[in-house]
Structures are given as C-alpha cells and as structure tokens.
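protein_38.txt (compact mmCIF, C-alpha atoms and all ligand atoms)
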```txt
# COMPACT_ATOMS: atom_id res chain seq x y z
CA MET F 6 71.21 42.57 3.66
CA ASN F 7 69.47 42.41 0.31
CA LYS F 8 66.07 40.83 -0.25
CA ASN F 9 67.60 37.53 -1.40
CA SER F 10 70.25 37.27 1.32
CA LYS F 11 70.28 33.93 3.09
CA ILE F 12 69.24 34.72 6.66
CA PHE F 13 69.15 32.29 9.58
CA ILE F 14 66.92 33.18 12.54
CA ALA F 15 68.06 31.04 15.47
CA GLY F 16 65.05 30.77 17.79
CA HIS F 17 62.36 31.77 15.26
CA ASN F 18 59.54 30.34 17.41
CA GLY F 19 60.30 32.44 20.47
CA MET F 20 58.92 35.89 21.20
CA VAL F 21 61.99 37.70 19.82
CA GLY F 22 62.73 35.38 16.90
CA SER F 23 59.13 35.37 15.70
CA ALA F 24 59.06 39.17 15.80
CA VAL F 25 62.29 39.33 13.75
CA HIS F 26 60.76 36.84 11.32
CA ARG F 27 57.58 38.94 10.91
CA LYS F 28 59.69 42.04 10.36
CA LEU F 29 61.84 40.40 7.66
CA ILE F 30 58.78 39.03 5.85
CA ALA F 31 57.13 42.47 6.01
CA GLU F 32 60.26 44.01 4.50
CA GLY F 33 60.16 41.54 1.60
CA TYR F 34 62.95 39.10 2.54
CA SER F 35 62.34 35.69 1.03
CA ASN F 36 65.37 33.53 1.78
CA ILE F 37 64.92 32.99 5.52
CA ILE F 38 66.06 29.73 7.11
CA PHE F 39 64.81 28.44 10.44
CA ARG F 40 64.65 25.19 12.34
CA THR F 41 62.58 24.05 15.29
CA SER F 42 64.52 22.83 18.32
CA SER F 43 63.58 19.23 17.52
CA GLU F 44 65.01 19.61 13.99
CA LEU F 45 68.19 21.33 15.19
CA ASP F 46 69.27 21.31 18.83
CA LEU F 47 71.41 24.45 19.12
CA LYS F 48 72.98 23.03 22.29
CA ARG F 49 74.64 20.25 20.25
CA GLN F 50 77.92 21.42 18.74
CA ARG F 51 78.15 18.86 15.93
CA GLU F 52 74.55 19.40 14.81
CA VAL F 53 75.07 23.15 14.63
CA GLU F 54 78.40 22.85 12.78
CA LEU F 55 76.84 20.52 10.18
CA PHE F 56 73.86 22.83 9.74
CA PHE F 57 76.09 25.86 9.10
CA GLU F 58 78.37 23.86 6.76
CA GLU F 59 75.37 22.77 4.73
CA PHE F 60 73.38 26.03 4.58
CA GLN F 61 76.10 28.71 4.89
CA PRO F 62 73.79 31.49 6.09
CA GLU F 63 75.02 34.98 5.22
CA TYR F 64 73.25 36.75 8.08
CA VAL F 65 72.42 35.32 11.49
CA PHE F 66 69.99 36.65 14.09
CA LEU F 67 70.91 34.80 17.30
CA CYS F 68 67.60 35.12 19.15
CA ALA F 69 67.54 31.60 20.59
CA ALA F 70 67.94 31.55 24.37
CA LYS F 71 66.61 29.97 27.51
CA VAL F 72 64.70 32.82 29.15
CA GLY F 73 62.30 33.38 32.00
CA GLY F 74 61.26 35.70 34.79
CA ILE F 75 62.88 36.31 38.14
CA MET F 76 61.76 32.99 39.70
CA ALA F 77 62.78 30.81 36.76
CA ASN F 78 66.20 32.49 36.64
CA ASN F 79 66.67 31.96 40.35
CA LEU F 80 65.45 28.34 40.48
CA TYR F 81 66.88 26.86 37.27
CA ARG F 82 70.31 28.45 37.58
CA ALA F 83 72.23 25.56 36.04
CA ASP F 84 69.83 25.21 33.10
CA PHE F 85 70.01 28.93 32.35
CA ILE F 86 73.79 29.19 32.29
CA TYR F 87 74.31 25.84 30.55
CA ALA F 88 71.77 26.21 27.73
CA ASN F 89 72.64 29.82 26.95
CA LEU F 90 76.40 29.25 26.91
CA GLN F 91 76.03 26.19 24.68
CA ILE F 92 73.78 27.96 22.18
CA GLU F 93 76.05 31.02 22.02
CA LEU F 94 79.27 29.02 21.66
CA ASN F 95 77.87 26.78 18.94
CA VAL F 96 76.13 29.42 16.84
CA ILE F 97 78.81 32.11 17.08
CA TYR F 98 81.67 29.70 16.38
CA SER F 99 79.83 28.06 13.48
CA ALA F 100 78.99 31.47 11.98
CA TYR F 101 82.71 32.28 12.09
CA LYS F 102 83.73 28.90 10.59
CA SER F 103 81.22 29.20 7.74
CA ALA F 104 82.24 32.84 7.11
CA ALA F 105 78.84 34.41 7.77
CA LYS F 106 78.84 38.06 6.68
CA LYS F 107 77.20 39.29 9.86
CA LEU F 108 75.69 38.03 13.10
CA MET F 109 73.53 39.79 15.66
CA PHE F 110 73.53 38.47 19.22
CA PHE F 111 70.64 39.39 21.55
CA GLY F 112 71.64 39.94 25.19
CA SER F 113 69.68 41.44 28.07
CA SER F 114 69.69 44.43 30.42
CA CYS F 115 70.52 42.08 33.31
CA ILE F 116 74.18 42.11 32.15
CA TYR F 117 74.63 45.36 34.09
CA PRO F 118 75.64 45.53 37.77
CA LYS F 119 72.72 45.55 40.20
CA PHE F 120 73.54 49.06 41.42
CA ALA F 121 74.97 50.60 38.25
CA PRO F 122 74.17 54.32 37.76
CA GLN F 123 70.86 54.94 35.98
CA PRO F 124 70.17 55.12 33.13
CA LEU F 125 72.40 52.16 32.30
CA LYS F 126 75.18 53.15 29.93
CA GLU F 127 77.00 50.55 27.85
CA GLU F 128 80.19 51.63 29.66
CA SER F 129 78.81 50.26 32.98
CA LEU F 130 79.39 46.65 31.95
CA LEU F 131 81.59 44.77 34.46
CA THR F 132 81.86 47.67 36.89
CA GLY F 133 80.13 45.90 39.80
CA LEU F 134 78.34 42.85 41.17
CA LEU F 135 75.34 41.39 39.33
CA GLU F 136 71.81 40.86 40.68
CA PRO F 137 72.07 37.44 42.42
CA THR F 138 68.69 36.07 41.19
CA ASN F 139 69.83 36.14 37.56
CA GLU F 140 73.60 35.98 37.84
CA PRO F 141 74.00 32.69 35.88
CA TYR F 142 71.87 33.99 32.98
CA ALA F 143 73.67 37.35 33.04
CA ILE F 144 77.08 35.65 32.99
CA ALA F 145 75.99 33.65 29.93
CA LYS F 146 74.79 36.81 28.18
CA ILE F 147 78.00 38.68 29.05
CA SER F 148 79.92 35.69 27.62
CA GLY F 149 77.88 35.92 24.42
CA LEU F 150 78.70 39.56 23.86
CA LYS F 151 82.36 38.91 24.73
CA LEU F 152 82.43 36.07 22.19
CA CYS F 153 81.19 38.49 19.53
CA GLU F 154 83.74 41.13 20.55
CA SER F 155 86.56 38.58 20.53
CA PHE F 156 85.72 37.22 17.08
CA PHE F 157 85.39 40.82 15.91
CA ASP F 158 88.87 41.63 17.28
CA GLN F 159 90.78 38.50 16.32
CA TYR F 160 89.12 37.46 13.05
CA GLY F 161 87.46 40.68 11.87
CA CYS F 162 83.99 39.09 12.05
CA ASN F 163 81.12 41.57 11.81
CA PHE F 164 79.42 40.09 14.90
CA ILE F 165 77.41 42.71 16.77
CA SER F 166 75.47 42.54 20.05
CA VAL F 167 72.31 44.28 21.13
CA MET F 168 71.07 44.57 24.73
CA PRO F 169 67.29 44.86 24.85
CA THR F 170 65.48 46.04 27.95
CA ASN F 171 62.59 43.93 29.39
CA LEU F 172 60.45 42.78 26.46
CA TYR F 173 56.81 41.80 26.06
CA GLY F 174 54.33 41.19 23.25
CA TYR F 175 53.12 38.52 20.83
CA ASN F 176 54.11 34.90 21.60
CA ASP F 177 55.11 35.66 25.17
CA ASN F 178 55.26 32.96 27.84
CA TYR F 179 52.38 32.99 30.36
CA HIS F 180 53.58 30.23 32.66
CA PRO F 181 52.25 30.96 36.19
CA GLU F 182 55.66 30.80 37.90
CA ASN F 183 58.31 31.05 35.18
CA ALA F 184 57.07 33.97 33.07
CA HIS F 185 58.16 37.61 33.26
CA VAL F 186 56.10 40.13 35.18
CA LEU F 187 54.05 41.65 32.34
CA PRO F 188 52.61 38.41 30.91
CA SER F 189 52.25 37.02 34.48
CA LEU F 190 50.11 39.99 35.50
CA ILE F 191 48.00 39.73 32.33
CA ARG F 192 47.32 36.13 33.25
CA LYS F 193 46.63 36.88 36.92
CA PHE F 194 44.18 39.74 36.22
CA HIS F 195 42.45 37.74 33.50
CA GLU F 196 42.09 34.72 35.78
CA ALA F 197 40.77 36.98 38.53
CA LYS F 198 38.21 38.41 36.10
CA VAL F 199 37.06 35.00 34.83
CA ASN F 200 36.81 33.58 38.36
CA LYS F 201 35.55 36.84 39.98
CA LEU F 202 38.39 36.76 42.54
CA PRO F 203 38.56 39.53 45.19
CA HIS F 204 42.28 40.22 44.78
CA VAL F 205 45.42 39.66 42.70
CA GLU F 206 48.78 38.91 44.29
CA ILE F 207 51.85 40.72 43.05
CA TRP F 208 55.33 39.53 43.93
CA GLY F 209 57.67 41.71 45.95
CA SER F 210 57.04 45.30 47.03
CA GLY F 211 55.76 46.71 43.73
CA LYS F 212 58.50 49.33 43.98
CA PRO F 213 61.09 48.04 41.47
CA MET F 214 61.22 50.06 38.28
CA ARG F 215 61.30 48.38 34.88
CA GLU F 216 61.43 49.59 31.29
CA PHE F 217 59.21 47.65 28.88
CA LEU F 218 59.65 47.47 25.12
CA PHE F 219 57.09 45.92 22.78
CA VAL F 220 58.77 43.10 20.86
CA ASP F 221 57.83 44.49 17.43
CA ASP F 222 59.75 47.65 18.35
CA LEU F 223 62.71 45.45 19.25
CA ALA F 224 62.51 43.68 15.88
CA ASP F 225 62.36 47.05 14.14
CA ALA F 226 65.49 48.21 16.01
CA ALA F 227 67.28 44.92 15.28
CA TYR F 228 66.47 45.22 11.58
CA PHE F 229 67.69 48.82 11.59
CA LEU F 230 70.96 47.87 13.33
CA MET F 231 71.56 44.82 11.13
CA ASN F 232 71.51 47.20 8.17
CA ASN F 233 73.25 50.18 9.74
CA TYR F 234 75.51 49.22 12.65
CA ASN F 235 78.92 47.56 12.29
CA GLU F 236 80.71 48.28 15.57
CA LYS F 237 82.26 45.98 18.14
CA GLN F 238 80.64 47.99 20.95
CA PHE F 239 77.32 46.41 21.97
CA ILE F 240 74.33 48.72 21.99
CA ASN F 241 71.30 49.14 24.29
CA ILE F 242 67.75 48.93 22.94
CA GLY F 243 64.92 50.42 24.95
CA CYS F 244 62.16 53.01 24.91
CA GLY F 245 63.81 55.37 27.41
CA GLU F 246 61.04 55.33 30.04
CA ASP F 247 60.42 53.11 33.05
CA ILE F 248 57.54 52.49 35.43
CA SER F 249 57.09 50.85 38.85
CA ILE F 250 55.69 47.32 39.03
CA ALA F 251 52.74 48.69 41.04
CA ALA F 252 51.96 51.23 38.29
CA LEU F 253 52.32 48.51 35.65
CA ALA F 254 49.77 46.42 37.59
CA ASN F 255 47.33 49.35 37.47
CA ILE F 256 47.64 49.67 33.68
CA ILE F 257 47.18 45.93 33.17
CA GLN F 258 44.18 45.95 35.49
CA GLU F 259 42.61 48.69 33.32
CA VAL F 260 43.36 46.91 30.04
CA VAL F 261 41.92 43.64 31.36
CA SER F 262 39.08 45.71 32.81
CA TYR F 263 38.60 44.10 36.19
CA LYS F 264 38.52 45.99 39.47
CA CYS F 265 39.89 44.11 42.46
CA GLU F 266 42.31 44.58 45.33
CA ILE F 267 46.06 44.32 44.65
CA LYS F 268 48.09 42.54 47.37
CA PHE F 269 51.88 42.53 47.56
CA ASP F 270 53.64 39.28 48.48
CA SER F 271 56.82 40.34 50.28
CA SER F 272 58.06 36.74 50.47
CA LYS F 273 58.93 36.99 46.74
CA PRO F 274 62.08 38.78 45.54
CA ASP F 275 62.14 42.30 44.07
CA GLY F 276 65.34 41.70 42.09
CA THR F 277 67.18 44.68 40.65
CA PRO F 278 65.69 47.95 42.00
CA ARG F 279 65.83 49.69 38.62
CA LYS F 280 67.15 48.99 35.12
CA LEU F 281 66.42 51.84 32.78
CA MET F 282 68.55 51.74 29.64
CA ASP F 283 70.54 54.71 28.40
CA ILE F 284 69.51 54.66 24.75
CA SER F 285 71.48 57.70 23.59
CA LYS F 286 73.78 55.62 21.35
CA LEU F 287 70.78 54.14 19.57
CA THR F 288 68.82 57.39 19.26
CA SER F 289 71.90 59.18 17.92
CA LEU F 290 71.82 56.68 15.03
CA GLY F 291 68.24 57.75 14.30
CA TRP F 292 66.09 54.99 15.84
CA ARG F 293 63.23 55.44 18.34
CA SER F 294 60.51 53.12 19.63
CA LYS F 295 56.97 53.70 18.40
CA ILE F 296 54.59 51.57 20.47
CA ARG F 297 53.43 53.14 23.74
CA LEU F 298 53.02 50.92 26.80
CA THR F 299 49.20 50.90 27.06
CA GLU F 300 48.89 50.26 23.31
CA GLY F 301 51.42 47.41 23.53
CA ILE F 302 49.71 45.85 26.55
CA THR F 303 46.36 46.01 24.73
CA LYS F 304 47.84 44.23 21.70
CA THR F 305 49.43 41.65 24.01
CA TYR F 306 46.21 41.02 25.92
CA ASN F 307 44.33 40.53 22.63
CA ASP F 308 47.03 38.04 21.55
CA PHE F 309 46.65 36.25 24.90
CA LEU F 310 42.85 36.08 24.44
CA SER F 311 43.09 34.88 20.84
CA LYS F 312 45.32 31.96 21.83
CA ASN F 313 43.16 30.68 24.70
CA ILE F 314 46.32 30.54 26.81
CA LEU F 315 44.56 29.40 29.98
CA THR F 316 43.21 26.29 28.36
CA THR F 317 46.41 25.48 26.46
CA SER F 318 49.05 25.93 29.20
O1 LIG A 401 59.80 40.32 34.89
P1 LIG A 401 60.52 39.78 36.06
O2 LIG A 401 60.29 38.34 36.38
O3 LIG A 401 62.06 39.95 35.84
O4 LIG A 401 60.13 40.62 37.37
P2 LIG A 401 63.29 40.91 36.18
C1 LIG A 401 60.17 41.99 37.43
C2 LIG A 401 59.64 42.47 38.76
O5 LIG A 401 58.24 42.22 38.83
C3 LIG A 401 60.26 41.82 39.99
C4 LIG A 401 57.91 41.60 40.08
O6 LIG A 401 60.42 42.79 41.00
C5 LIG A 401 59.17 40.81 40.41
O7 LIG A 401 59.22 40.46 41.78
N1 LIG A 401 56.69 40.80 39.96
C6 LIG A 401 55.50 41.07 40.57
C7 LIG A 401 56.52 39.67 39.25
N2 LIG A 401 54.61 40.12 40.28
C8 LIG A 401 55.21 39.24 39.47
C9 LIG A 401 54.75 38.04 38.83
O8 LIG A 401 53.62 37.59 38.97
N3 LIG A 401 55.66 37.42 38.01
C10 LIG A 401 56.94 37.89 37.84
N4 LIG A 401 57.75 37.23 37.00
N5 LIG A 401 57.38 39.00 38.46
C11 LIG A 401 64.38 39.09 34.71
C12 LIG A 401 65.70 38.41 34.82
O9 LIG A 401 64.45 39.98 35.76
O10 LIG A 401 64.17 39.85 33.55
C13 LIG A 401 66.22 37.93 33.55
O11 LIG A 401 65.64 37.44 35.83
C14 LIG A 401 66.02 38.88 32.40
O12 LIG A 401 67.56 37.62 33.70
C15 LIG A 401 64.63 39.39 32.35
O13 LIG A 401 66.93 39.94 32.44
C16 LIG A 401 64.41 40.44 31.28
O14 LIG A 401 63.26 42.14 35.37
O15 LIG A 401 63.41 41.12 37.66
```

Render the structure in this file as structure tokens.
Ligand code: GFB
Amino acid sequence: MNKNSKIFIAGHNGMVGSAVHRKLIAEGYSNIIFRTSSELDLKRQREVELFFEEFQPEYVFLCAAKVGGIMANNLYRADFIYANLQIELNVIYSAYKSAAKKLMFFGSSCIYPKFAPQPLKEESLLTGLLEPTNEPYAIAKISGLKLCESFFDQYGCNFISVMPTNLYGYNDNYHPENAHVLPSLIRKFHEAKVNKLPHVEIWGSGKPMREFLFVDDLADAAYFLMNNYNEKQFINIGCGEDISIAALANIIQEVVSYKCEIKFDSSKPDGTPRKLMDISKLTSLGWRSKIRLTEGITKTYNDFLSKNILTTS
C-alpha cells in the first residue's frame, strides 16, 4: 500500500475495523473509504457490487462480521452463520470482480477443532469436530478463508486471511449476555463496585484457558501483514500466552479495584477448553505483540469508563 492507495475498511465502526482505521490514519494513509451499515448493507449482494463498481477500492480490510461471546453464538446460530456468510460472499466476490489488488479477511481462532493439539497450528484446520456452541460462526469463518484460498488459486487474487485469537480493547461490546468474557467481566466488576455487591458471578468453571490480544496489537499485525504477506496460507495472530478465566477475573477485579467474592455458575457453558494460537509463522516474519494483558485491560477499562457504557447500553 502507498499513502494514497484507495483502502476500504469493511466494518470500520466495530472493534477491529476501528482499530485498523486508527492504525492507517496514524501511518499517514489519507484515502480510506468506509460506510456505515445503514449506508451500505454488506449482506445485500447488489448493494455491495454497485459500491465496488463505483469506488474500485485497491485494498480491502474485511473486518465486518456478526460477532459475540459464547452465549450469543449459541443462541443466535442462524443469524451468525447467515450474516457472516453473506458478508464474506459479497465482499470477497466484489473485490475479485472489481480487481482489487489485495484483500485481508479476518477469521477467528474458533475455526480450529475443539480438541486440536495446543498450541493451535494452522495445519490443524479441518482435522476434527468444532466446538458446538460456535459451530455456525466457525463454519462461516472457515468458508471465508476457503473463499480467499479459492480465489487465490483459480484467479490469482492476492486475498489473504488472518486468524486472530480472542480480542479485546477499545470499542468493545459490553452487552450483559452477548459480549465476550473480558468486556463482560469488566462490566460485572464495575457494576458490583458501583452497587457495592457482595459477589460477581462468572460463567462456567473458570478453568477454560484463553489467549487475549489487545485490538491495537491486532491492527498493527494486520497492517504489517497487508504490507508484507502474500501467501494463500492463512496465518494466526496472537500474543503466545494464555490464562484461565478464573485468573483473568482476578486481574480484572484488581484493575477495577473492587474486592468481592467470585462465584462460578456451572449452569453456563465452558466452551472450548483451551485455544492458544501457535504464532511461530507470524513471529518468523518478524512481528510480535507489544501490549501486556494488565496494561491492555487498564486501557479498556478507562475506555469503558469514558463512554459511560452502563448508562448508554
Ligand atoms: O469470551 P467468550 O464468550 O467466548 O467466553 P469463547 C470465554 C469463556 O469465559 C467461556 C467464560 O468459558 C465462558 O463460559 N465466561 C465466564 C464468560 N464469565 C463469562 C461472562 O460473563 N461472559 C462471557 N461471554 N463468558 C467465543 C466464540 O468463544 O469467542 C466465538 O463463541 C469467537 O465464536 C469468540 O471465537 C472469539 O472464547 O468461548
């Protein structure tokens, strides 16, 4: 990309898209195109085709997706597979038709089999059954990366895919039921502090292990790969370390600064026992994450406080 390249960020208002946008602005890019979902519904094929015909973006960051935590994935199974497949089909096909120079598709670590060997190597894709709570979303994300691979093979399109680990950071979703664990726990501990509650309830056993990457690190890696990676093989993005949900709760409790009891609600699902990414492909290219977990959680909590989330959602 050069500083005047025409770049389309699909999903620029979401946590990932807004981080990519900040990164591109910080690097001096000035020709960035974006549309809100009411201006351009990425699920509508004709709208997307017309948009690409008119604007002919050279580079596409496909960050737009319907996302959510374990409960949202499990409950809204049809919405997750439908919306994500539609968005991927429309944007990837239109990028091909309008001869975009390069596209980056953002997947997820849930593409890997539930019991794949840890850390999760790219080669483990499609070697076993998926975690049932997010199977529809995972199938959509696997389809997205296979679309990129297929256009790469058949038409020589430089369409690459990245598989980020669990993400958190600025502009996250704090919905009480539908959010991911890290923003959910920020909300729960903050609410407990404000209302002086005696305990906070954590779903599942607290034993599952998760790897968390601050979204600005993800944007940095995506920018690096957009400029330096041109392979069909999708690539993992992570920080290389994981932590149990119980230990995560302790860190969040410290950052929020409120002592109370932690209770585990075993009626809620644990999901995948562990999903630590093997990031050796990425590190061998020369990229590493920079933001440590406690630092990232502190930034995220400050963002949460600055937006008065509890009164606006
Ligand atoms: O972040 P999370 O919803 O998603 O949950 P996944 C991670 C773990 O935290 C699970 C536990 O074991 C949850 O049971 N947990 C504890 C909580 N308390 C809470 C809480 O208050 N809220 C939430 N949300 N979880 C999603 C997938 O899986 O992660 C998606 O469903 C996607 O497909 C995404 O891959 C990154 O890591 O389990």

- request: Quick one: pull the distance between atom CA of Val21 of chain F and atom CA of Ala224 of chain F, Å, one decimal.
  value: 7.2 Å

message: List the spatial neighbours of Ser249 of chain F as a PyMOL selection string - criterion: any atom at most 12 Å away, only C-alpha atoms, same-chain residues fewer than 4 positions off excluded.
response: chain F and resi 186-187+209-217+253-256+275+277-281

Take the selection from the previous step and output its residues with C-alpha atoms, as a short mmCIF file (atom, residue, chain, number, x, y, z; two decimals), in the frame of the given file.
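Output file part.cif is given in full below:
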```
data_model
loop_
_atom_site.label_atom_id
_atom_site.label_comp_id
_atom_site.auth_asym_id
_atom_site.auth_seq_id
_atom_site.Cartn_x
_atom_site.Cartn_y
_atom_site.Cartn_z
CA VAL F 186 56.10 40.13 35.18
CA LEU F 187 54.05 41.65 32.34
CA GLY F 209 57.67 41.71 45.95
CA SER F 210 57.04 45.30 47.03
CA GLY F 211 55.76 46.71 43.73
CA LYS F 212 58.50 49.33 43.98
CA PRO F 213 61.09 48.04 41.47
CA MET F 214 61.22 50.06 38.28
CA ARG F 215 61.30 48.38 34.88
CA GLU F 216 61.43 49.59 31.29
CA PHE F 217 59.21 47.65 28.88
CA LEU F 253 52.32 48.51 35.65
CA ALA F 254 49.77 46.42 37.59
CA ASN F 255 47.33 49.35 37.47
CA ILE F 256 47.64 49.67 33.68
CA ASP F 275 62.14 42.30 44.07
CA THR F 277 67.18 44.68 40.65
CA PRO F 278 65.69 47.95 42.00
CA ARG F 279 65.83 49.69 38.62
CA LYS F 280 67.15 48.99 35.12
CA LEU F 281 66.42 51.84 32.78
#
```

query: Counting only C-alpha atoms and all ligand atoms, which protein, DNA or RNA residues come within 7 Å of ligand LIG 401 (chain A), given as a ChimeraX atom specification?
result: /F:72-76,78,113-115,138-139,142-143,170-172,182-187,189-190,207-209,211,213,215,250,273-277

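Proximity to Gln50 of chain F was assessed for F:Asn36, F:Asn18, F:Ala70, F:Gln91 counting only C-alpha atoms; the smallest distance is recorded for F:Gln91.
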
task: Rounded to one decimal place, report the atom CA of Met6 of chain F-atom CA of Ala105 of chain F distance in Å.
output: 11.9 Å

- request: Step by step: start from the point (62.0, 55.5, 20.0) in the file's coordinates, keep every protein, DNA or RNA residue that has an atom no farther than 10 Å from it, count all atoms listed in the file, and write the set as a PyMOL selection string.
  value: chain F and resi 218+222+226+242-245+284+287-288+291-297

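In this model, the gap between atom CA of Ile86 of chain F and atom CA of Ile14 of chain F comes to 21.3 Å.
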
Produce the centre coordinates and the three edge lengths, each in Å to one decimal, of the box along x, y and z that contains all listed atoms of segment 126-139 of chain F with 8 Å added on each side, as lines of an AutoDock Vina configuration file.
```
center_x = 75.3
center_y = 44.6
center_z = 35.1
size_x = 29.2
size_y = 33.1
size_z = 30.6
```

- prompt: In terms of the shortest atom-to-atom distance over only C-alpha atoms, which of F:Glu52, F:Glu127, F:Asp46, F:Asp225 is closest to Ala88 of chain F?
  reply: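 Smallest separation from Ala88 of chain F among the options: F:Asp46.
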
Which residues, written as a PDB file with C-alpha atoms, in the coordinates of the input, have at least one atom at most 10 Å from Glu300 of chain F, with all atoms listed in the file counted and residues fewer than 6 positions away on the same chain left out?
```
ATOM      1  CA  PHE F 219      57.090  45.920  22.780  1.00  0.00           C
ATOM      2  CA  VAL F 260      43.360  46.910  30.040  1.00  0.00           C
ATOM      3  CA  TYR F 306      46.210  41.020  25.920  1.00  0.00           C
TER       4      TYR F 306
END
```

- prompt: Which one is closest to Gly174 of chain F: F:Glu259, F:Glu246, F:Asp221, F:Glu93? Count all atoms listed in the file.
  reply: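 Among F:Glu259, F:Glu246, F:Asp221, F:Glu93, it is F:Asp221 that comes nearest to Gly174 of chain F.
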
- request: Can you work out which one of F:Cys162, F:Met168, F:Ile240, F:Leu310 has the shortest atom-to-atom distance to His195 of chain F, counting all atoms listed in the file?
  value: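 Of F:Cys162, F:Met168, F:Ile240, F:Leu310, the one nearest His195 of chain F, counting all atoms listed in the file, is F:Leu310.
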
task: Go through F:Tyr179, F:Tyr117, F:Phe157, F:Phe164 and flag the residue nearest Asn241 of chain F, using only C-alpha atoms for the distances.
output: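 Smallest separation from Asn241 of chain F among the options: F:Tyr117.
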
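Comparing F:Lys71, F:Lys198, F:Arg82, F:Lys11 by their smallest distance to Phe111 of chain F, the closest is F:Lys71 (using only C-alpha atoms).
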
message: Can you tell me which residues surround Lys107 of chain F at a distance of at most 10 Å, considering only C-alpha atoms, apart from same-chain residues fewer than 5 positions away, and format the answer as a PyMOL selection string?
response: chain F and resi 6+12+62-66+100-101+162-165+231-232+235
